[in-house]
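Asks: Below is the file entry27.txt, with compact mmCIF, C-alpha atoms.
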# COMPACT_ATOMS: atom_id res chain seq x y z
CA MET A 9 -10.11 12.92 10.16
CA SER A 10 -12.94 13.30 7.68
CA GLN A 11 -16.03 11.14 7.66
CA ARG A 12 -15.01 9.92 4.22
CA HIS A 13 -11.64 8.71 5.53
CA VAL A 14 -13.29 6.89 8.44
CA THR A 15 -15.70 5.23 6.02
CA LEU A 16 -12.85 4.12 3.76
CA LEU A 17 -11.06 2.54 6.68
CA LEU A 18 -14.20 0.69 7.77
CA VAL A 19 -14.98 -0.50 4.26
CA GLY A 20 -11.38 -1.56 3.77
CA SER A 21 -11.40 -3.52 7.02
CA LEU A 22 -14.63 -5.28 6.07
CA PHE A 23 -13.38 -6.09 2.59
CA VAL A 24 -10.03 -7.39 3.75
CA GLY A 25 -11.71 -9.27 6.58
CA GLY A 26 -13.68 -11.19 4.00
CA LEU A 27 -10.42 -12.29 2.39
CA LEU A 28 -8.68 -13.49 5.53
CA SER A 29 -9.22 -17.15 4.80
CA THR A 30 -7.28 -16.89 1.54
CA THR A 31 -4.90 -13.96 1.79
CA THR A 32 -3.79 -13.08 5.30
CA ALA A 33 -4.35 -16.12 7.56
CA HIS A 34 -1.15 -17.63 6.26
CA ALA A 35 -0.39 -19.74 9.32
CA LYS A 36 -3.53 -21.80 8.63
CA ALA A 37 -3.50 -21.73 4.83
CA TYR A 38 -2.19 -24.46 2.59
CA TRP A 39 -2.40 -25.37 -1.04
CA THR A 40 -0.81 -27.80 -3.45
CA LYS A 41 -0.86 -25.57 -6.54
CA PRO A 42 2.09 -23.12 -6.54
CA ARG A 43 1.17 -19.49 -5.86
CA TRP A 44 3.30 -16.38 -6.10
CA VAL A 45 3.74 -14.40 -2.89
CA THR A 46 5.58 -11.27 -1.75
CA LEU A 47 7.46 -11.61 1.55
CA ARG A 48 6.46 -9.05 4.17
CA ARG A 49 9.59 -9.66 6.25
CA ARG A 50 12.99 -11.32 6.08
CA VAL A 51 12.70 -15.11 6.00
CA THR A 52 15.23 -17.92 6.48
CA ILE A 53 14.88 -20.88 4.10
CA LYS A 54 16.46 -24.31 4.47
CA LYS A 55 18.14 -26.26 1.72
CA VAL A 56 17.08 -29.82 2.54
CA GLN A 57 17.90 -33.30 1.24
CA PRO A 58 14.42 -34.80 0.63
CA THR A 59 15.34 -38.42 1.34
CA THR A 60 17.06 -37.78 4.68
CA HIS A 61 15.59 -34.37 5.62
CA LYS A 62 19.16 -33.28 6.35
CA VAL A 63 19.62 -29.48 6.31
CA LEU A 64 22.41 -28.73 3.85
CA ALA A 65 22.37 -24.93 4.17
CA LYS A 66 20.37 -21.94 5.37
CA ILE A 67 19.64 -18.92 3.17
CA THR A 68 18.03 -15.59 4.02
CA LEU A 69 15.45 -14.07 1.68
CA LYS A 70 14.95 -10.30 1.86
CA LYS A 71 11.68 -8.54 2.61
CA GLY A 72 9.87 -7.90 -0.67
CA SER A 73 11.18 -11.05 -2.40
CA ASN A 74 8.77 -12.81 -4.76
CA VAL A 75 8.66 -16.63 -4.64
CA GLN A 76 6.26 -19.44 -5.45
CA LEU A 77 5.10 -21.62 -2.55
CA THR A 78 3.18 -24.83 -1.94
CA ARG A 79 2.22 -26.55 1.29
CA ALA A 80 0.94 -30.10 1.60
CA SER A 81 -0.91 -29.60 4.88
CA ARG A 82 -1.31 -27.13 7.70
CA HIS A 83 1.54 -28.73 9.63
CA ALA A 84 3.93 -29.27 6.72
CA PRO A 85 6.71 -26.83 5.81
CA TRP A 86 6.25 -24.42 2.92
CA VAL A 87 8.15 -25.57 -0.19
CA LEU A 88 9.62 -23.07 -2.65
CA ARG A 89 8.83 -23.77 -6.30
CA SER A 90 10.38 -20.94 -8.31
CA GLY A 91 13.66 -20.04 -9.99
CA LYS A 92 16.86 -21.31 -8.39
CA TYR A 93 14.82 -22.54 -5.40
CA ALA A 94 12.71 -24.97 -7.43
CA PRO A 95 12.91 -28.51 -5.95
CA THR A 96 14.87 -31.31 -7.58
CA ALA A 97 15.33 -35.01 -6.80
CA LYS A 98 18.36 -34.12 -4.68
CA VAL A 99 17.34 -30.90 -2.87
CA GLN A 100 14.34 -28.78 -1.94
CA TYR A 101 14.03 -25.42 -0.22
CA THR A 102 11.59 -25.09 2.66
CA ILE A 103 10.27 -22.50 5.09
CA THR A 104 8.80 -23.32 8.49
CA ARG A 105 6.63 -20.45 9.76
CA ALA A 106 4.19 -22.21 12.10
CA ASN A 107 2.09 -19.74 14.09
CA LYS A 108 3.71 -16.81 12.26
CA PRO A 109 0.85 -15.21 10.30
CA ARG A 110 1.12 -12.31 7.88
CA TRP A 111 4.65 -12.98 6.73
CA PHE A 112 3.67 -12.74 3.08
CA ASP A 113 1.07 -11.23 0.76
CA LEU A 114 -0.43 -13.24 -2.06
CA GLY A 115 0.66 -11.99 -5.46
CA ILE A 116 3.71 -10.38 -7.04
CA THR A 117 4.68 -6.83 -6.10
CA VAL A 118 3.56 -4.26 -8.68
CA PRO A 119 6.18 -1.48 -8.93
CA PHE A 120 5.17 2.13 -8.32
CA ALA A 121 7.07 5.21 -7.21
CA VAL A 122 7.39 5.53 -3.43
CA ALA A 123 7.21 8.81 -1.52
CA PRO A 124 10.16 9.85 0.66
CA LYS A 125 9.88 8.81 4.30
CA HIS A 126 10.10 12.44 5.47
CA ILE A 127 8.17 15.25 3.82
CA GLN A 128 11.09 17.67 4.06
CA SER A 129 12.69 15.56 1.31
CA SER A 130 9.80 16.65 -0.95
CA VAL A 131 10.79 20.33 -1.01
CA GLY A 132 10.84 21.35 -4.66
CA LYS A 133 8.71 18.36 -5.61
CA THR A 134 5.03 17.49 -6.01
CA VAL A 135 2.96 16.86 -2.88
CA TYR A 136 -0.73 16.07 -2.43
CA LEU A 137 -3.87 16.81 -0.49
CA SER A 138 -4.34 13.84 1.81
CA SER A 139 -7.19 11.34 2.10
CA THR A 140 -8.44 13.20 5.18
CA VAL A 141 -9.64 15.91 2.77
CA ASP A 142 -12.95 15.96 0.93
CA ASP A 143 -15.77 18.40 0.09
CA LEU A 144 -17.25 18.05 3.60
CA SER A 145 -13.88 18.44 5.32
CA PRO A 146 -11.60 20.47 3.03
CA ALA A 147 -8.02 21.50 3.75
CA ASP A 148 -7.14 24.73 5.54
CA PHE A 149 -4.83 26.99 3.52
CA ALA A 150 -3.70 30.44 4.68
CA SER A 151 -1.99 33.37 2.93
CA THR A 152 0.82 33.53 5.51
CA GLN A 153 2.37 31.20 8.09
CA THR A 154 1.22 33.50 10.90
CA ASN A 155 -2.37 33.37 9.64
CA LEU A 156 -2.19 29.58 9.43
CA LEU A 157 -1.07 29.23 13.03
CA LYS A 158 -3.79 31.67 14.12
CA GLU A 159 -6.33 29.68 12.07
CA HIS A 160 -7.10 32.61 9.79
CA TYR A 161 -7.65 30.70 6.56
CA SER A 162 -8.15 32.12 3.09
CA PHE A 163 -8.75 29.00 1.02
CA HIS A 164 -10.19 25.50 1.56
CA PRO A 165 -9.18 23.17 -1.29
CA TYR A 166 -10.14 19.57 -2.03
CA PRO A 167 -10.20 16.73 -3.13
CA PHE A 168 -7.76 13.98 -2.04
CA GLY A 169 -4.79 13.75 -4.37
CA ALA A 170 -4.86 17.33 -5.68
CA THR A 171 -1.30 18.22 -6.64
CA MET A 172 0.90 21.19 -5.71
CA THR A 173 4.60 21.97 -5.28
CA LEU A 174 6.16 22.12 -1.82
CA THR A 175 8.48 25.15 -1.92
CA ARG A 176 9.43 25.24 1.77
CA TYR A 177 8.89 23.17 4.90
CA THR A 178 9.19 24.30 8.53
CA HIS A 179 9.25 21.50 11.08
CA HIS A 180 7.31 21.75 14.35
CA LYS A 181 7.25 19.47 17.38
CA GLY A 182 4.83 16.54 17.21
CA GLY A 183 5.80 15.25 13.77
CA TRP A 184 4.07 17.96 11.76
CA GLY A 185 5.11 21.22 10.17
CA VAL A 186 4.09 24.10 7.95
CA GLY A 187 4.34 23.61 4.23
CA GLN A 188 4.65 26.54 1.86
CA VAL A 189 3.10 25.41 -1.42
CA ARG A 190 2.41 26.69 -4.90
CA TYR A 191 -1.14 25.73 -5.81
CA HIS A 192 -2.82 26.97 -9.00
CA GLY A 193 -0.20 29.67 -9.37
CA LYS A 194 -0.54 31.08 -5.86
CA THR A 195 1.43 30.65 -2.63
CA TYR A 196 -0.29 29.22 0.44
CA PHE A 197 0.66 27.80 3.83
CA ALA A 198 -0.82 24.55 5.16
CA ILE A 199 -0.25 21.88 7.80
CA ALA A 200 2.05 19.28 6.25
CA ALA A 201 3.45 16.00 7.54
CA ASP A 202 4.66 12.56 6.49
CA ASP A 203 1.10 11.25 7.09
CA GLU A 204 -2.34 12.35 8.33
CA ALA A 205 -2.16 16.06 7.56
CA ASP A 206 -3.72 18.33 4.93
CA VAL A 207 -0.59 18.04 2.76
CA VAL A 208 1.36 14.77 2.44
CA PRO A 209 4.01 13.39 0.04
CA TYR A 210 1.89 10.52 -1.36
CA ASN A 211 -1.46 9.91 -3.06
CA THR A 212 -1.78 6.13 -2.57
CA TYR A 213 -1.69 3.81 0.43
CA THR A 214 -2.80 0.32 1.46
CA ILE A 215 -5.06 -0.96 4.23
CA ASP A 216 -4.10 -4.34 5.74
CA GLY A 217 -1.74 -4.90 2.82
CA ASN A 218 -4.53 -5.84 0.38
CA MET A 219 -6.84 -2.88 -0.23
CA VAL A 220 -5.36 0.11 -2.04
CA VAL A 221 -6.84 3.59 -1.56
CA SER A 222 -5.70 6.10 -4.16
CA SER A 223 -6.65 9.24 -6.04
CA ALA A 224 -4.82 7.86 -9.09
CA ASN A 225 -5.71 5.40 -11.83
CA PRO A 226 -3.46 2.31 -11.42
CA ASN A 227 -3.04 2.04 -15.19
CA ASN A 228 -1.35 5.46 -15.19
CA ALA A 229 1.68 4.35 -13.20
CA LYS A 230 3.42 7.74 -13.49
CA SER A 231 0.60 9.36 -11.48
CA VAL A 232 0.90 6.93 -8.52
CA VAL A 233 3.05 7.72 -5.46
CA LEU A 234 2.90 5.17 -2.64
CA ARG A 235 3.12 5.88 1.05
CA PRO A 236 6.50 4.38 2.12
CA ASP A 237 4.99 1.61 4.28
CA SER A 238 2.67 0.43 1.49
CA ARG A 239 3.11 -2.32 -1.08
CA VAL A 240 0.82 -3.21 -3.98
CA THR A 241 0.62 -6.80 -5.23
CA THR A 242 -1.22 -8.51 -8.08
CA LYS A 243 -3.83 -9.63 -5.51
CA SER A 244 -4.58 -6.09 -4.31
CA TYR A 245 -8.01 -4.51 -4.60
CA TRP A 246 -7.59 -0.93 -5.89
CA SER A 247 -10.13 1.77 -5.02
CA GLN A 248 -9.69 5.04 -6.91
CA SER A 249 -11.42 7.87 -5.05
CA GLN A 250 -13.97 9.92 -6.97
CA PHE A 251 -15.71 13.10 -5.88
CA GLY A 252 -18.68 15.19 -6.86
CA GLY A 253 -21.17 12.46 -5.96
CA LYS A 254 -19.46 9.82 -8.09
CA ASP A 255 -18.83 6.29 -6.84
CA ASP A 256 -15.23 5.21 -6.36
CA LEU A 257 -13.73 3.19 -9.22
CA ASN A 258 -12.55 -0.29 -8.28
CA TYR A 259 -9.89 -2.34 -10.07
CA ARG A 260 -8.34 -5.82 -9.95
CA TYR A 261 -5.02 -6.73 -11.54
CA ASN A 262 -5.05 -8.99 -14.62
CA VAL A 263 -1.87 -11.10 -14.52
CA LYS A 264 -2.17 -12.13 -18.18
CA THR A 265 -2.50 -8.62 -19.62
CA LYS A 266 -0.57 -6.83 -16.82
CA HIS A 267 -3.44 -4.35 -16.75
CA TRP A 268 -5.79 -3.20 -13.98
CA ASP A 269 -9.32 -4.14 -15.03
CA LEU A 270 -12.14 -1.83 -13.98
CA GLN A 271 -14.73 -3.77 -11.97
CA PRO A 272 -18.46 -3.29 -12.63
CA GLN A 273 -20.31 -1.02 -10.24
CA ASP A 274 -22.98 -2.53 -8.03
CA ASP A 275 -26.49 -1.70 -9.20
CA GLU A 276 -28.43 0.53 -6.83
CA ASP A 277 -31.99 -0.33 -5.87
Here is a file; write its structure as structure tokens.
Replies:
Amino acid sequence: MSQRHVTLLLVGSLFVGGLLSTTTAHAKAYWTKPRWVTLRRRVTIKKVQPTTHKVLAKITLKKGSNVQLTRASRHAPWVLRSGKYAPTAKVQYTITRANKPRWFDLGITVPFAVAPKHIQSSVGKTVYLSSTVDDLSPADFASTQTNLLKEHYSFHPYPFGATMTLTRYTHHKGGWGVGQVRYHGKTYFAIAADDEADVVPYNTYTIDGNMVVSSANPNNAKSVVLRPDSRVTTKSYWSQSQFGGKDDLNYRYNVKTKHWDLQPQDDED
């Protein structure tokens, strides 16, 4: 793992840690103004008669559902406020998730293309240099599979997110394999895997569900391919990796314009 990747993870942890009181510590959070959330897991809601608190029915919401919630206090149930689950004088829909943190992310899911779960499904498609690659720790490409396995490399490309076509994949034990790729008109062989290899099927992923690390600009949706376990919401903080001594570009989503606004860079002393 490159030093850059380690740094990104540390920065992401620090950033997300600073947001815990409002975004991830859901078991302790409460608010009276409705907020949109994205469910991280399947959740059972109760259709309740407000005057008697009688449970009239139970309904299951799927992982990834978007709903509006309010909560009167830390010990009160969550009340749904959106769509067909909006409360009326006769019924309301509630969720009780006491001591069950991290069951939702603040914000509405922003749709992007998702990479296949297994890299062998990417044969014939675009793949990417992973975030473990940078100018200090470039990828290892060889002219033949034999040379790759013997660590006789002929080319060391970077940066993260560079595109190529996966023309063949040979699986090896341990969850990794050898990818034959076409890169800048030439054929090379490199270590490829679903994750944490020189060549991977995605160029964007999330840390702790709130910080996005990507080589792509979020406003160019066609260039974004998410790691399968990642989800981007309107509350996400997007960091677009830059190289050649340039600072990363940081974005926040603007709900009104449905655009990712570039955030100002911090001034250096």
Asks: Just want the 8 Å neighbourhood of segment 154-160 of chain A, counted on only C-alpha atoms, with same-chain residues fewer than 6 positions away dropped. Output as a ChimeraX atom specification.
Replies: /A:148,197-198
Asks: For the selection just defined, write its residues with C-alpha atoms to a file, as a PDB file, in the coordinates of the input.
Replies:
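What follows is the written file again.pdb:
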ATOM      1  CA  ASP A 148      -7.140  24.730   5.540  1.00  0.00           C
ATOM      2  CA  PHE A 197       0.660  27.800   3.830  1.00  0.00           C
ATOM      3  CA  ALA A 198      -0.820  24.550   5.160  1.00  0.00           C
TER       4      ALA A 198
END
Asks: Find the distance between atom CA of Ala205 of chain A and atom CA of Asn227 of chain A and write it in Å to one decimal.
Replies: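 So the answer is 26.7 Å.
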Asks: Excluding Gln76 of chain A and residues on its chain fewer than 5 positions from it, collect all residues at most 6 Å away from it, counting all atoms listed in the file, and give them as a PyMOL selection string.
Replies: chain A and resi 42-44+88-90
Asks: With only C-alpha atoms as the counted atoms, please give the residues lying no more than 8 Å from Ile199 of chain A, apart from itself and same-chain residues fewer than 6 positions off, as a list in words.
Replies: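 These residues fall inside the cut-off: Asp148, Trp184, Gly185, Val186, Gly187, Ala205, Asp206 and Val207 of chain A.
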Asks: Please provide as number ranges by chain all residues within 12 Å of segment 161-169 of chain A, with the sequence filter that same-chain residues fewer than 6 positions apart are discarded (counting all atoms listed in the file).
Replies: A: 10, 12-13, 134-155, 191-192, 194-199, 204-213, 221-225, 231-234, 248-252
Asks: If I take atom CA of Thr104 of chain A and atom CA of Pro85 of chain A, how far is one from the other in Å, to one decimal?
Replies: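 These two atoms are separated by 4.9 Å.
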Asks: One number please: atom CA of Thr78 of chain A to atom CA of Arg110 of chain A, in Å, one decimal.
Replies: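 Atom CA of Thr78 of chain A sits 16.0 Å away from atom CA of Arg110 of chain A.
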Asks: Tell me which protein, DNA and RNA residues are within 9 Å of Gly132 of chain A, counting only C-alpha atoms, leaving out same-chain ones fewer than 6 positions away, and put them as a list in words.
Replies: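 Everything that qualifies: Thr173, Leu174, Thr175 and Arg176 of chain A.
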Asks: Nearest residue to Met219 of chain A out of A:Trp111, A:Phe120, A:Trp246, A:Trp86, using only C-alpha atoms?
Replies: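 Checking each of A:Trp111, A:Phe120, A:Trp246, A:Trp86 against Met219 of chain A, counting only C-alpha atoms, the winner is A:Trp246.
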Asks: Give the centre and edge lengths of an axis-aligned box, in Å to one decimal, that holds all listed atoms of segment 249-267 of chain A with 6 Å on each side, as JSON.
Replies:
{"center_x": -10.9, "center_y": 1.5, "center_z": -12.3, "size_x": 32.6, "size_y": 39.3, "size_z": 26.6}
Asks: Rank nothing, just name the residue among A:Thr178, A:Thr68, A:Ser81, A:Thr102 nearest to Gln128 of chain A, using all atoms listed in the file.
Replies: A:Thr178
